[in-house]
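The structure under discussion appears below in the form of structure tokens.
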Amino acid sequence: MRFARFWWDFVVGDDPLAALGVAAAIGATAALAAAGVAAWWLLPLAVLVVLYRSLRRATR
Amino acid sequence: MSGVFLFLSAFLASAVEMVEALTIVLAAGIARGWRSSLTGVGAAVVVLAVVVAVLGPALTVIPIDALRLVVGALLLVFGLQWLRKAILRASGLKALHDEDAIFARELAEASSAEHTERAGIDAYGFTLAFKGVLLEGLEVAFIVLTFGSTQGNVPLAAAAAAVALVLVAGVGIAVRAPLARVPENTMKFAVGVMLTTFGIFWAAEGAGAHWPGDDASLPGVLAFVCLASFGLVRLLRVPRAKTVAA
């Protein structure tokens, strides 16, 4: 349990919502790519939104 | 081009982590004795070597697309942590990382802790140095292995980490003080940008997206992450800094 906790803190850190946002954006990128739509632009934009919201949560 | 990015990213990340580990080892050595401190360092290096020896070859057998997806996602989440803290520091909303202050705190704690000796080794000094090197070293191992395996060049990433180790250890031995003049916060900002850039690039590729110009689009992603980060620093910058918890 402590081992899992350590790796969670190590990779995800103190903002799990940001990790969730990244996972959702990667999933959406995969879905667009599978549908044959150009999807390279989605992840950079999603990261910008995720980062902005994460910073806002940290400063609230 | 990506080889240069790979070397720079691994070097900067390793150097920053090693500066932090050096501060802890110095505090442990001065307060609790060098024998215990250096034994702790040696034990941590052995554990790290085992981790790298086990995980390194394991990563090379994973298909490249799956590897890029997993590693890209991990680097992106990991990189966003670094970038978030760096932006908060640069905008004045979080206290800057101060090696002198950390050294003074570690030294005071190590000096006041109870002395328990086993086989001539002080348990506190050993544990402090061991944990410091292991935890900082794990970040280095994570970055070197993920960057190196995804680029198919673990030796180059490892070489960058080795150069950082020699440099930081050499300067540390020469000055015998925390490397407070290293521009640590700027380096952390750069590492956050690099990790996020590679994370975006590889995660998108792993998810099946194709970058215009393939690897040639990497500088474009880097420029985007830089612009976004500096824009967020400007947006968040406060005239009178209020500091959030670390």
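In the structure tokens, chains take the letters A, B, ... in the order shown, each chain's residues start at 1, and ligands count up from 1 in the order shown.
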
Item to complete: May I have the residues of chain A within 6 Å of chain B, counting only C-alpha atoms, written as number ranges by chain?
Response: A: 11, 19, 30, 33, 39-40

Could you take the residues named above and write them with N, CA and C atoms, as a compact mmCIF listing (two decimals), in the first residue's frame?
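Listed below is the output, result-v9.txt:
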```
# COMPACT_ATOMS: atom_id res chain seq x y z
N VAL A 11 4.44 10.19 -9.38
CA VAL A 11 4.06 10.48 -10.77
C VAL A 11 2.92 11.50 -10.85
N ALA A 19 -3.95 14.99 -13.88
CA ALA A 19 -3.64 13.68 -14.48
C ALA A 19 -4.87 13.13 -15.22
N ALA A 30 -6.69 9.68 -29.33
CA ALA A 30 -6.74 8.33 -29.90
C ALA A 30 -8.04 8.12 -30.68
N ALA A 33 -7.83 10.10 -33.96
CA ALA A 33 -6.88 9.45 -34.87
C ALA A 33 -7.49 8.18 -35.47
N ALA A 39 -5.22 14.67 -35.52
CA ALA A 39 -5.47 14.86 -34.08
C ALA A 39 -4.27 15.45 -33.34
N TRP A 40 -3.19 15.81 -34.06
CA TRP A 40 -1.97 16.26 -33.39
C TRP A 40 -2.16 17.54 -32.58
```

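The protein and nucleic acid residues lying at most 8 Å from Val45 in chain B are Val41, Gly42, Leu48, Ala49, Val133 and Leu134 of chain B, with only C-alpha atoms considered and sequence neighbours fewer than 3 positions away removed.
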
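Of the listed residues A:Ala46, A:Ala25, A:Ala38, A:Ser54, the one whose atoms come nearest to Gly13 in chain A is A:Ser54, with distances taken using only C-alpha atoms.
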
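Going from CA of Met194 in chain B over to CA of Ala129 in chain B, you cover 28.5 Å.
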
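CA of Ala18 in chain A sits 5.8 Å away from CA of Val50 in chain A.
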
**Request:** Check range 6-213 of chain B with DSSP on the backbone and list each residue it calls strand (DSSP E), as a ChimeraX atom specification.
**Result:** /B:117-118,121-122

Expected file contents, prior selection, N, CA and C atoms, as an mmCIF file, in the first residue's frame:
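Result written to part.cif:
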```cif
data_model
loop_
_atom_site.group_PDB
_atom_site.id
_atom_site.type_symbol
_atom_site.label_atom_id
_atom_site.label_comp_id
_atom_site.auth_asym_id
_atom_site.auth_seq_id
_atom_site.Cartn_x
_atom_site.Cartn_y
_atom_site.Cartn_z
ATOM 1 N N GLU B 117 23.879 4.114 17.063
ATOM 2 C CA GLU B 117 24.939 3.558 16.227
ATOM 3 C C GLU B 117 24.835 2.039 16.109
ATOM 4 N N ARG B 118 24.995 1.552 14.879
ATOM 5 C CA ARG B 118 25.034 0.095 14.643
ATOM 6 C C ARG B 118 26.216 -0.192 13.734
ATOM 7 N N ILE B 121 27.992 2.639 12.311
ATOM 8 C CA ILE B 121 27.254 3.519 11.386
ATOM 9 C C ILE B 121 26.124 4.199 12.145
ATOM 10 N N ASP B 122 26.081 5.510 12.051
ATOM 11 C CA ASP B 122 24.992 6.263 12.673
ATOM 12 C C ASP B 122 23.716 6.087 11.844
#
```

Taking only range 34-211 of chain B into account, list the residues labelled alpha helix (DSSP H) by DSSP (computed from the backbone), as number ranges by chain. B: 34-60, 64-90, 99-112, 123-151, 154-175, 184-206

Please produce a file of those selected residues containing C-alpha atoms, as a compact mmCIF listing (two decimals), in the first residue's frame.
```txt
# COMPACT_ATOMS: atom_id res chain seq x y z
CA TRP B 34 30.91 11.18 6.69
CA ARG B 35 31.20 7.42 7.16
CA SER B 36 27.47 7.01 7.82
CA SER B 37 26.50 9.53 5.15
CA LEU B 38 28.66 8.02 2.41
CA THR B 39 27.55 4.47 3.33
CA GLY B 40 23.97 5.69 2.84
CA VAL B 41 24.92 7.17 -0.54
CA GLY B 42 26.56 3.89 -1.58
CA ALA B 43 23.53 1.82 -0.54
CA ALA B 44 21.16 4.12 -2.46
CA VAL B 45 23.35 3.94 -5.57
CA VAL B 46 23.23 0.12 -5.41
CA VAL B 47 19.40 0.15 -5.16
CA LEU B 48 19.19 2.63 -8.07
CA ALA B 49 21.53 0.47 -10.16
CA VAL B 50 19.27 -2.54 -9.54
CA VAL B 51 16.16 -0.53 -10.52
CA VAL B 52 17.83 0.64 -13.76
CA ALA B 53 19.22 -2.84 -14.52
CA VAL B 54 15.76 -4.43 -14.12
CA LEU B 55 13.59 -1.76 -15.75
CA GLY B 56 15.97 -0.75 -18.56
CA PRO B 57 15.96 -4.04 -20.50
CA ALA B 58 12.24 -4.57 -19.70
CA LEU B 59 11.33 -1.30 -21.44
CA THR B 60 13.18 -2.25 -24.62
CA ILE B 64 7.46 1.34 -29.63
CA ASP B 65 3.91 2.72 -30.06
CA ALA B 66 2.74 1.30 -26.74
CA LEU B 67 5.95 2.52 -25.10
CA ARG B 68 5.47 6.04 -26.48
CA LEU B 69 1.85 6.14 -25.32
CA VAL B 70 2.62 5.00 -21.77
CA VAL B 71 5.88 6.93 -21.43
CA GLY B 72 4.38 10.02 -23.08
CA ALA B 73 1.42 10.00 -20.70
CA LEU B 74 3.66 9.48 -17.66
CA LEU B 75 6.10 12.19 -18.76
CA LEU B 76 3.25 14.58 -19.43
CA VAL B 77 1.70 14.12 -15.98
CA PHE B 78 5.14 14.21 -14.36
CA GLY B 79 6.26 17.20 -16.44
CA LEU B 80 3.11 19.17 -15.64
CA GLN B 81 3.95 18.82 -11.93
CA TRP B 82 7.37 20.39 -12.55
CA LEU B 83 5.97 23.08 -14.84
CA ARG B 84 3.17 23.98 -12.45
CA LYS B 85 5.59 24.51 -9.56
CA ALA B 86 8.03 26.39 -11.82
CA ILE B 87 5.30 28.75 -13.06
CA LEU B 88 4.08 29.36 -9.49
CA ARG B 89 7.65 30.16 -8.43
CA ALA B 90 8.34 32.39 -11.44
CA GLU B 99 19.40 25.36 -1.14
CA ASP B 100 20.98 27.43 1.67
CA ALA B 101 17.71 27.46 3.64
CA ILE B 102 17.11 23.74 3.01
CA PHE B 103 20.70 22.96 4.05
CA ALA B 104 20.31 24.95 7.29
CA ARG B 105 17.03 23.16 8.09
CA GLU B 106 18.42 19.68 7.33
CA LEU B 107 21.56 20.45 9.33
CA ALA B 108 19.57 21.62 12.37
CA GLU B 109 17.31 18.54 12.25
CA ALA B 110 20.26 16.17 11.77
CA SER B 111 22.21 17.78 14.61
CA SER B 112 19.36 17.48 17.09
CA ALA B 123 21.45 5.20 11.76
CA TYR B 124 20.09 8.73 11.27
CA GLY B 125 22.98 9.87 9.05
CA PHE B 126 22.78 6.69 6.97
CA THR B 127 19.00 6.91 6.53
CA LEU B 128 19.03 10.64 5.71
CA ALA B 129 21.67 10.25 2.99
CA PHE B 130 20.12 7.00 1.70
CA LYS B 131 16.61 8.44 1.37
CA GLY B 132 17.85 11.71 -0.12
CA VAL B 133 19.93 10.04 -2.83
CA LEU B 134 17.34 7.32 -3.51
CA LEU B 135 14.37 9.67 -3.91
CA GLU B 136 16.22 12.26 -6.00
CA GLY B 137 17.94 9.44 -7.92
CA LEU B 138 14.63 7.74 -8.73
CA GLU B 139 13.54 10.88 -10.58
CA VAL B 140 16.80 10.81 -12.54
CA ALA B 141 16.39 7.08 -13.30
CA PHE B 142 12.76 7.64 -14.37
CA ILE B 143 13.70 10.46 -16.75
CA VAL B 144 16.78 8.72 -18.16
CA LEU B 145 14.94 5.43 -18.76
CA THR B 146 11.77 6.93 -20.22
CA PHE B 147 13.55 9.47 -22.43
CA GLY B 148 16.24 7.04 -23.48
CA SER B 149 14.01 4.07 -24.25
CA THR B 150 11.46 6.11 -26.21
CA GLN B 151 14.21 7.71 -28.31
CA VAL B 154 19.33 4.99 -23.30
CA PRO B 155 23.17 5.29 -23.43
CA LEU B 156 22.95 8.97 -24.52
CA ALA B 157 20.48 9.80 -21.71
CA ALA B 158 22.65 7.88 -19.23
CA ALA B 159 25.74 9.74 -20.47
CA ALA B 160 23.98 13.06 -19.85
CA ALA B 161 23.14 11.96 -16.30
CA ALA B 162 26.74 10.80 -15.77
CA VAL B 163 28.10 14.18 -16.93
CA ALA B 164 25.71 15.92 -14.51
CA LEU B 165 26.81 13.59 -11.68
CA VAL B 166 30.53 14.23 -12.29
CA LEU B 167 29.94 17.99 -12.54
CA VAL B 168 27.75 18.33 -9.43
CA ALA B 169 29.83 15.90 -7.32
CA GLY B 170 33.06 17.58 -8.45
CA VAL B 171 31.87 21.08 -7.61
CA GLY B 172 30.29 19.80 -4.37
CA ILE B 173 33.60 18.24 -3.24
CA ALA B 174 35.47 21.42 -4.23
CA VAL B 175 33.25 23.89 -2.38
CA GLU B 184 18.03 25.88 -9.82
CA ASN B 185 14.64 27.51 -10.36
CA THR B 186 15.47 28.41 -13.96
CA MET B 187 16.74 24.86 -14.55
CA LYS B 188 13.56 23.40 -13.07
CA PHE B 189 11.50 25.61 -15.37
CA ALA B 190 13.51 24.34 -18.36
CA VAL B 191 13.11 20.71 -17.26
CA GLY B 192 9.35 21.18 -16.81
CA VAL B 193 9.13 22.61 -20.34
CA MET B 194 11.21 19.74 -21.80
CA LEU B 195 9.29 16.98 -19.99
CA THR B 196 5.95 18.47 -21.04
CA THR B 197 7.13 18.91 -24.64
CA PHE B 198 8.32 15.31 -24.97
CA GLY B 199 5.23 14.09 -23.12
CA ILE B 200 2.89 15.86 -25.58
CA PHE B 201 4.88 14.66 -28.59
CA TRP B 202 5.14 11.00 -27.62
CA ALA B 203 1.69 10.63 -26.07
CA ALA B 204 0.08 12.02 -29.25
CA GLU B 205 2.19 9.73 -31.44
CA GLY B 206 1.43 6.75 -29.21
```
